[in-house]
>>> print(open('entry-v3.txt').read())   # compact mmCIF, C-alpha atoms
# COMPACT_ATOMS: atom_id res chain seq x y z
CA MET A 1 -18.18 -76.96 -16.57
CA SER A 2 -21.10 -75.63 -14.55
CA ASP A 3 -22.04 -77.54 -11.43
CA PRO A 4 -25.53 -78.49 -12.66
CA ASP A 5 -23.91 -80.06 -15.74
CA ARG A 6 -21.36 -81.92 -13.68
CA GLY A 7 -24.04 -83.16 -11.31
CA ALA A 8 -26.27 -84.33 -14.14
CA ILE A 9 -23.40 -86.11 -15.87
CA ARG A 10 -22.40 -87.91 -12.71
CA GLU A 11 -25.98 -89.02 -12.21
CA VAL A 12 -26.12 -90.30 -15.78
CA ARG A 13 -22.91 -92.18 -15.24
CA ALA A 14 -24.39 -93.62 -12.08
CA GLY A 15 -27.19 -95.05 -14.19
CA ASP A 16 -29.87 -92.35 -14.09
CA ARG A 17 -30.96 -91.80 -17.68
CA ASN A 18 -33.47 -89.16 -16.69
CA ALA A 19 -30.62 -86.92 -15.56
CA PHE A 20 -29.60 -86.82 -19.19
CA GLY A 21 -33.02 -85.35 -19.89
CA ARG A 22 -32.03 -82.33 -17.84
CA LEU A 23 -29.00 -81.79 -20.07
CA VAL A 24 -31.18 -82.15 -23.16
CA GLU A 25 -33.62 -79.63 -21.77
CA ARG A 26 -30.85 -77.19 -20.93
CA TYR A 27 -29.07 -77.29 -24.28
CA GLN A 28 -31.59 -78.34 -26.89
CA GLY A 29 -32.56 -74.79 -27.89
CA ARG A 30 -28.98 -73.63 -28.20
CA LEU A 31 -27.92 -76.73 -30.06
CA PHE A 32 -30.88 -76.62 -32.40
CA GLY A 33 -30.14 -72.94 -33.06
CA LEU A 34 -26.64 -73.89 -34.12
CA VAL A 35 -27.61 -76.86 -36.23
CA VAL A 36 -30.49 -75.16 -38.02
CA VAL A 37 -28.16 -72.42 -39.21
CA VAL A 38 -25.59 -74.96 -40.35
CA LEU A 39 -28.14 -77.15 -42.16
CA ARG A 40 -30.69 -74.50 -43.17
CA ASP A 41 -33.39 -77.09 -42.75
CA ARG A 42 -35.55 -77.32 -39.65
CA ALA A 43 -36.55 -80.95 -40.03
CA ALA A 44 -32.99 -82.09 -40.63
CA ALA A 45 -31.79 -79.90 -37.79
CA GLU A 46 -34.24 -81.52 -35.40
CA GLU A 47 -33.00 -84.96 -36.42
CA VAL A 48 -29.37 -83.98 -36.06
CA THR A 49 -30.03 -82.36 -32.70
CA GLN A 50 -31.57 -85.60 -31.49
CA ASP A 51 -28.74 -87.64 -32.97
CA ALA A 52 -26.18 -85.40 -31.31
CA PHE A 53 -27.71 -85.93 -27.89
CA VAL A 54 -27.93 -89.67 -28.41
CA ARG A 55 -24.34 -89.78 -29.64
CA ALA A 56 -23.25 -87.69 -26.66
CA TYR A 57 -25.00 -90.10 -24.32
CA MET A 58 -23.30 -93.07 -25.94
CA ARG A 59 -19.91 -91.39 -25.69
CA LEU A 60 -20.31 -89.90 -22.27
CA ASP A 61 -17.66 -92.30 -21.03
CA ARG A 62 -15.15 -90.40 -23.13
CA TYR A 63 -16.19 -87.00 -21.91
CA ASP A 64 -13.68 -85.22 -19.68
CA GLU A 65 -15.58 -83.61 -16.81
CA ARG A 66 -12.94 -80.95 -16.40
CA LEU A 67 -13.97 -79.37 -19.71
CA PRO A 68 -17.21 -77.48 -20.36
CA PHE A 69 -20.00 -79.70 -21.61
CA TYR A 70 -21.54 -77.55 -24.32
CA PRO A 71 -18.48 -77.24 -26.61
CA TRP A 72 -18.09 -81.01 -26.48
CA LEU A 73 -21.75 -81.44 -27.36
CA ALA A 74 -21.54 -78.79 -30.08
CA THR A 75 -18.54 -80.59 -31.58
CA ILE A 76 -20.60 -83.73 -31.95
CA ALA A 77 -23.52 -81.82 -33.42
CA VAL A 78 -21.38 -79.89 -35.89
CA ARG A 79 -19.71 -83.04 -37.15
CA LEU A 80 -23.03 -84.80 -37.55
CA ALA A 81 -24.36 -81.77 -39.38
CA GLN A 82 -21.30 -81.70 -41.62
CA ASN A 83 -21.76 -85.38 -42.37
CA ARG A 84 -25.35 -84.65 -43.29
CA LEU A 85 -24.26 -81.85 -45.60
CA HIS A 86 -21.65 -84.08 -47.21
CA GLN A 87 -24.26 -86.74 -47.78
CA GLN A 88 -26.49 -84.19 -49.42
CA GLY A 89 -23.59 -82.90 -51.50
CA ARG A 90 -24.31 -79.39 -50.41
CA THR A 91 -21.11 -78.50 -48.66
CA LEU A 92 -19.59 -76.36 -51.34
CA ARG A 93 -22.78 -74.87 -52.64
CA ARG A 94 -24.01 -71.57 -51.41
CA GLU A 95 -27.58 -71.61 -52.50
CA GLY A 96 -28.65 -68.90 -50.12
CA THR A 97 -31.77 -70.81 -49.18
CA PRO A 98 -33.57 -68.72 -46.60
CA LEU A 99 -33.94 -70.34 -43.24
CA ASP A 100 -37.47 -71.46 -42.70
CA SER A 101 -37.23 -70.71 -39.01
CA ASP A 102 -37.98 -67.06 -39.62
CA ALA A 103 -41.61 -67.20 -38.71
CA GLY A 104 -41.43 -66.88 -34.97
CA PRO A 105 -44.50 -67.19 -32.82
CA GLY A 106 -46.43 -64.00 -32.30
CA ALA A 107 -44.83 -62.08 -35.16
CA GLU A 108 -48.17 -60.73 -36.42
CA ARG A 109 -49.01 -58.97 -33.18
CA SER A 110 -45.62 -57.36 -32.64
CA PRO A 111 -45.29 -53.60 -32.46
CA LEU A 112 -43.50 -51.74 -35.24
CA SER A 113 -40.13 -51.73 -33.57
CA THR A 114 -40.31 -55.47 -33.08
CA LEU A 115 -41.23 -55.91 -36.71
CA ILE A 116 -38.27 -53.84 -37.79
CA ALA A 117 -35.98 -55.84 -35.53
CA GLU A 118 -37.44 -59.06 -36.89
CA GLU A 119 -36.95 -57.87 -40.43
CA ARG A 120 -33.32 -57.14 -39.66
CA SER A 121 -32.98 -60.53 -38.02
CA ARG A 122 -34.58 -62.17 -41.05
CA ARG A 123 -32.15 -60.42 -43.39
CA LEU A 124 -29.27 -61.47 -41.21
CA ARG A 125 -30.44 -65.07 -41.15
CA ARG A 126 -30.76 -65.00 -44.88
CA ALA A 127 -27.26 -63.58 -45.18
CA VAL A 128 -25.81 -66.13 -42.78
CA GLY A 129 -27.66 -68.85 -44.68
CA ALA A 130 -25.92 -67.71 -47.84
CA LEU A 131 -22.46 -68.24 -46.36
CA SER A 132 -20.56 -71.44 -47.03
CA SER A 133 -21.18 -74.22 -44.52
CA GLY A 134 -17.77 -73.72 -42.93
CA GLU A 135 -18.27 -69.98 -42.62
CA ARG A 136 -21.71 -70.18 -41.08
CA THR A 137 -20.68 -72.94 -38.69
CA ALA A 138 -17.71 -70.87 -37.55
CA VAL A 139 -19.93 -67.79 -37.21
CA MET A 140 -22.49 -69.63 -35.12
CA LEU A 141 -19.94 -71.25 -32.83
CA TYR A 142 -17.93 -68.06 -32.40
CA TYR A 143 -20.65 -65.42 -32.22
CA ALA A 144 -23.83 -67.18 -31.18
CA ASP A 145 -22.29 -69.78 -28.90
CA GLU A 146 -19.40 -67.54 -27.89
CA LEU A 147 -16.85 -70.31 -28.06
CA PRO A 148 -13.20 -69.29 -28.21
CA VAL A 149 -11.43 -69.76 -31.54
CA ARG A 150 -9.57 -72.78 -30.16
CA GLU A 151 -12.86 -74.56 -29.37
CA VAL A 152 -14.33 -73.65 -32.74
CA ALA A 153 -11.25 -75.08 -34.41
CA ARG A 154 -11.56 -78.27 -32.42
CA ALA A 155 -15.24 -78.58 -33.31
CA LEU A 156 -14.52 -78.21 -37.01
CA GLY A 157 -11.33 -80.25 -36.92
CA VAL A 158 -9.22 -77.48 -38.43
CA SER A 159 -6.52 -75.07 -37.26
CA THR A 160 -7.21 -71.82 -35.44
CA GLY A 161 -5.75 -70.00 -38.44
CA THR A 162 -8.38 -71.56 -40.68
CA ILE A 163 -11.12 -70.45 -38.29
CA LYS A 164 -9.82 -66.88 -38.34
CA THR A 165 -9.84 -66.99 -42.13
CA LEU A 166 -13.38 -68.38 -42.18
CA LEU A 167 -14.55 -65.66 -39.79
CA PHE A 168 -12.79 -62.99 -41.85
CA ARG A 169 -14.51 -64.17 -45.01
CA ALA A 170 -17.83 -64.51 -43.25
CA ARG A 171 -17.65 -60.97 -41.89
CA ARG A 172 -16.75 -59.67 -45.31
CA HIS A 173 -19.61 -61.51 -47.01
CA LEU A 174 -22.08 -60.40 -44.35
CA ARG A 175 -20.94 -56.81 -44.60
CA GLU A 176 -21.26 -56.87 -48.37
CA MET A 177 -24.71 -58.45 -48.22
CA LEU A 178 -26.08 -56.21 -45.50
CA THR A 179 -24.75 -52.79 -46.51
CA MET B 1 -4.03 -45.57 -45.58
CA THR B 2 -6.24 -46.97 -48.33
CA CYS B 3 -9.89 -47.97 -48.08
CA ALA B 4 -9.01 -51.53 -49.13
CA HIS B 5 -6.62 -51.87 -46.21
CA VAL B 6 -9.08 -50.37 -43.73
CA LEU B 7 -11.84 -52.66 -44.98
CA ASP B 8 -9.49 -55.61 -44.49
CA LEU B 9 -8.93 -54.51 -40.92
CA ILE B 10 -12.66 -54.07 -40.36
CA ASP B 11 -13.36 -57.54 -41.72
CA ALA B 12 -10.57 -59.05 -39.65
CA GLY B 13 -12.20 -57.54 -36.57
CA PRO B 14 -10.69 -58.96 -33.38
CA PHE B 15 -8.07 -60.88 -35.37
CA ALA B 16 -6.40 -57.87 -36.96
CA VAL B 17 -2.74 -58.06 -36.04
CA HIS B 18 -1.49 -54.49 -36.01
CA SER B 19 -0.23 -51.98 -33.51
CA ALA B 20 -2.71 -49.95 -31.49
CA ALA B 21 -1.55 -46.81 -33.26
CA HIS B 22 -2.17 -48.38 -36.66
CA LEU B 23 -5.66 -49.50 -35.66
CA ALA B 24 -6.40 -46.04 -34.24
CA ALA B 25 -5.36 -44.52 -37.56
CA ALA B 26 -7.65 -46.94 -39.37
CA ARG B 27 -10.54 -45.96 -37.11
CA ALA B 28 -9.81 -42.30 -37.76
CA HIS B 29 -9.86 -43.01 -41.49
CA ALA B 30 -13.18 -44.84 -41.16
CA ARG B 31 -14.76 -41.93 -39.29
CA ASN B 32 -14.15 -39.65 -42.25
CA CYS B 33 -14.67 -42.11 -45.07
CA ALA B 34 -17.97 -42.63 -46.87
CA THR B 35 -17.04 -46.22 -47.71
CA CYS B 36 -15.30 -47.48 -44.57
CA GLY B 37 -17.48 -45.66 -42.03
CA PRO B 38 -20.74 -47.43 -42.93
CA ALA B 39 -18.87 -50.74 -43.23
CA LEU B 40 -17.51 -50.40 -39.71
CA ALA B 41 -20.90 -49.36 -38.37
CA ALA B 42 -22.60 -52.27 -40.12
CA LEU B 43 -20.28 -54.87 -38.68
CA ARG B 44 -20.56 -53.35 -35.21
CA GLN B 45 -24.30 -53.74 -35.49
CA ILE B 46 -24.14 -57.25 -36.91
CA GLU B 47 -22.07 -58.73 -34.11
CA PRO B 48 -24.71 -58.56 -31.35
CA GLU B 49 -27.32 -59.68 -33.84
CA LEU B 50 -25.24 -62.72 -34.69
CA LYS B 51 -25.15 -63.56 -31.02
CA ALA B 52 -28.94 -63.46 -30.95
CA LEU B 53 -29.11 -65.90 -33.86
CA GLY B 54 -28.44 -68.72 -31.46
CA ASP B 55 -31.61 -68.03 -29.51
CA GLN B 56 -34.17 -70.49 -30.76
CA SER B 57 -37.30 -69.92 -28.75
CA GLY B 58 -39.21 -71.95 -31.32
CA ALA B 59 -36.87 -74.93 -31.07
CA PRO B 60 -38.59 -78.31 -30.93
CA ASP B 61 -38.58 -80.23 -27.67
CA VAL B 62 -36.49 -83.30 -28.36
CA ARG B 63 -36.16 -84.39 -24.74
CA MET B 64 -38.70 -87.19 -24.81
CA ALA B 65 -37.48 -88.45 -28.17
CA VAL B 66 -33.89 -88.53 -26.95
CA LEU B 67 -34.84 -90.28 -23.72
CA ALA B 68 -36.80 -92.86 -25.69
CA ARG B 69 -33.84 -93.48 -27.97
CA ILE B 70 -31.33 -93.90 -25.17
CA GLU B 71 -33.64 -96.25 -23.30
CA GLY B 72 -32.19 -99.30 -24.99
CA ILE B 73 -28.57 -98.18 -24.80
CA PRO B 74 -26.47 -99.86 -22.10
CA ARG B 75 -25.54 -97.73 -19.14
CA VAL B 76 -22.56 -95.47 -19.66
CA GLU B 77 -19.86 -95.07 -17.09
CA ALA B 78 -16.98 -92.72 -16.78
CA ARG B 79 -13.84 -93.90 -18.39
CA PRO B 80 -11.25 -92.82 -15.82
CA LEU B 81 -8.84 -90.44 -17.42
CA GLU B 82 -6.08 -91.82 -15.17
CA ARG B 83 -6.35 -95.13 -16.96
CA GLU B 84 -5.15 -93.58 -20.19
CA THR B 85 -2.71 -91.12 -18.78
CA ALA B 86 -1.22 -93.29 -16.02
CA SER B 87 -0.65 -96.51 -17.89
CA PRO B 88 2.84 -95.58 -19.11
CA ALA B 89 3.75 -94.34 -15.64
CA ARG B 90 2.76 -97.65 -14.07
CA GLN B 91 5.41 -99.41 -16.12
CA PRO B 92 8.44 -97.21 -15.72
CA TRP B 93 10.68 -100.22 -16.18
CA LEU B 94 9.78 -100.23 -19.84
CA ALA B 95 11.32 -96.84 -20.32
CA TRP B 96 14.48 -97.98 -18.57
CA ALA B 97 14.49 -101.30 -20.37
CA GLY B 98 15.47 -99.66 -23.62
CA ALA B 99 18.45 -97.94 -22.07
CA PHE B 100 19.50 -101.05 -20.18
CA GLY B 101 19.14 -103.22 -23.27
CA ALA B 102 21.22 -100.88 -25.39
CA VAL B 103 23.98 -100.76 -22.77
CA ALA B 104 23.94 -104.55 -22.34
CA ALA B 105 24.22 -105.10 -26.08
CA VAL B 106 27.11 -102.66 -26.39
CA VAL B 107 28.97 -104.09 -23.37
CA ALA B 108 28.47 -107.67 -24.54
CA THR B 109 29.63 -107.08 -28.10
CA PRO B 110 33.47 -106.82 -27.57
CA TRP B 111 33.42 -109.84 -25.29
CA THR B 112 31.42 -111.94 -27.70
CA GLY B 113 33.42 -110.51 -30.55
CA SER B 114 36.71 -111.84 -29.21
CA ALA B 115 35.13 -115.23 -28.54
CA LEU B 116 33.86 -115.26 -32.07
CA VAL B 117 37.27 -114.43 -33.48
CA ASP B 118 38.79 -117.30 -31.51
CA THR B 119 36.16 -119.64 -32.82
CA LEU B 120 36.29 -118.59 -36.42
CA ALA B 121 39.99 -117.74 -36.80
CA PRO B 122 41.18 -121.16 -38.00
CA ARG B 123 38.65 -121.14 -40.82
CA THR B 124 38.20 -117.53 -41.85
CA GLY B 125 41.29 -115.81 -40.59
CA THR B 126 41.42 -113.21 -37.82
CA PHE B 127 40.96 -110.25 -40.10
CA THR B 128 37.91 -111.64 -41.91
CA ALA B 129 36.27 -112.86 -38.69
CA SER B 130 36.54 -109.43 -37.08
CA LEU B 131 34.88 -107.91 -40.11
CA VAL B 132 32.09 -110.48 -40.42
CA GLY B 133 30.88 -110.00 -36.83
CA LEU B 134 28.49 -112.93 -36.90
CA PRO B 135 26.05 -113.39 -33.99
CA PRO B 136 27.84 -114.91 -31.01
CA ALA B 137 26.95 -118.23 -29.49
CA GLY B 138 26.05 -119.41 -25.99
CA PRO B 139 25.43 -117.09 -23.01
CA ALA B 140 26.82 -114.10 -24.87
CA ALA B 141 24.18 -114.51 -27.55
CA LEU B 142 21.52 -114.64 -24.88
CA VAL B 143 22.77 -111.40 -23.36
CA VAL B 144 22.76 -109.65 -26.72
CA ALA B 145 19.34 -111.06 -27.61
CA LEU B 146 17.92 -109.98 -24.25
CA GLY B 147 19.49 -106.58 -24.68
CA LEU B 148 17.99 -106.14 -28.14
CA PHE B 149 14.60 -107.35 -26.95
CA LEU B 150 14.55 -104.92 -24.04
CA TYR B 151 15.79 -102.16 -26.29
CA ALA B 152 12.99 -102.77 -28.76
CA LYS B 153 10.41 -103.10 -25.99
CA GLY B 154 11.52 -99.87 -24.38
CA LEU B 155 11.61 -98.11 -27.72
CA PHE B 156 8.04 -99.05 -28.60
CA SER B 157 6.90 -98.22 -25.10
CA LEU B 158 8.21 -94.69 -25.53
CA ALA B 159 6.61 -94.45 -28.96
CA ALA B 160 3.27 -95.52 -27.52
CA THR B 161 3.57 -92.94 -24.76
CA ALA B 162 4.34 -90.21 -27.23
CA ALA B 163 1.33 -91.02 -29.41
CA PRO B 164 -1.30 -88.33 -28.95
CA ALA B 165 -4.12 -89.44 -26.71
CA ARG B 166 -7.54 -89.32 -28.20
CA ARG B 167 -9.38 -86.30 -27.01
CA ALA B 168 -12.56 -86.63 -25.09
CA GLY B 169 -14.56 -84.64 -27.60
CA ASP B 170 -13.43 -86.56 -30.62
CA VAL B 171 -16.13 -88.24 -32.58
CA ASP B 172 -15.89 -90.40 -35.64
CA ARG B 173 -16.66 -88.90 -38.98
CA ASP B 174 -19.03 -91.52 -40.25
>>> encode(input="entry-v3.txt", output="structure tokens")
Amino acid sequence: MSDPDRGAIREVRAGDRNAFGRLVERYQGRLFGLVVVVLRDRAAAEEVTQDAFVRAYMRLDRYDERLPFYPWLATIAVRLAQNRLHQQGRTLRREGTPLDSDAGPGAERSPLSTLIAEERSRRLRRAVGALSSGERTAVMLYYADELPVREVARALGVSTGTIKTLLFRARRHLREMLT
Amino acid sequence: MTCAHVLDLIDAGPFAVHSAAHLAAARAHARNCATCGPALAALRQIEPELKALGDQSGAPDVRMAVLARIEGIPRVEARPLERETASPARQPWLAWAGAFGAVAAVVATPWTGSALVDTLAPRTGTFTASLVGLPPAGPAALVVALGLFLYAKGLFSLAATAAPARRAGDVDRD
């Protein structure tokens, strides 16, 4: 775990709630990026991101300082997101709903190369959004968050073999959709 | 080497379990194949783009909302890891109790057995009494009972130690 994280967590444990705000500030973008891909719904992702931080705060007594903070936080967020998907009965469906986070600020004034890159990014988001929830969660944790397979498996509560299978399928689906 | 196999290897990416020579042959195939070449190139291009997917510059600021929500939550403190991991070590006698109890029970049995035979022989006959092996009486019974108790206590202590500790990152699936 990075020293700023460790320092903030110790301050929180010492009773300083505002120190938790620093952790929120540091990880909210990354966590939201993960959750929005898993849920494919910005509003729900914002709620789950908040819930994940609150849950992390409540369970900070169980957190082992020797381990990195973000994977632990991501585990909480992924499980909350999965619960949300289960509640919505969307887990096994692959609707391919495009992510509504495509419209980034300043897109209209971008030069051509930026537009092309954004178009590629939009296609990729759409393709990732069309993966199953397990596949896209594994993809986000492994590629976007750069967690090792072991951590991804822990976050999803499955074996490392299952994660490798999910990533294999995800890569295949992405390749087929994007070529 | 078939295209299907090479595509499998491409999709497996870093998890392809094959020799370096085999993978080199697959790459060579891909370089000259109209199907596998673009597939390999596409996935090579996708990987860095997937990494960029996590960047959410337009992410909402949830800091204030989170701080407001945790305002009413009681202060959290560290749960010392030593408490969970050291508790079995602080009671090493429990681990030994099982062994001691088992030995005591075994040692006490012949002695109590002969006393039992003497007691029961007039009524049941020596042969029958030695087969019945009823619980002994008096101090011998106490020794056996204590032995069994310690054995059971030690046994469950070991079982509790062996139970996997809950990981720090575990959260309930609610």
>>> interface_residues(input="entry-v3.txt", of="chain A", to="chain B", cutoff="6 Å", atoms="all atoms listed in the file", output="list in words")
Arg13, Gly15, Gly21, Val24, Gly29, Arg30, Gly33, Gln50, Asp61, Arg62, Tyr63, Asp64, Trp72, Tyr143, Ala144, Phe168, Arg171 and Arg172 of chain A
>>> residues_around(input="entry-v3.txt", residues="Ala19 (chain A)", least_positions_apart="4", cutoff="8 Å", atoms="all atoms listed in the file", output="list in words")
Ala8, Ile9, Glu11, Val12 and Leu23 of chain A
>>> atom_distance(input="entry-v3.txt", atom1="CA of Ser121 (chain A)", atom2="CA of Leu174 (chain A)")
12.6 Å
>>> closest_residue(input="entry-v3.txt", among="A:Thr114, A:Thr165, A:Gln87, A:Thr49", to="Glu135 (chain A)", atoms="only C-alpha atoms")
A:Thr165
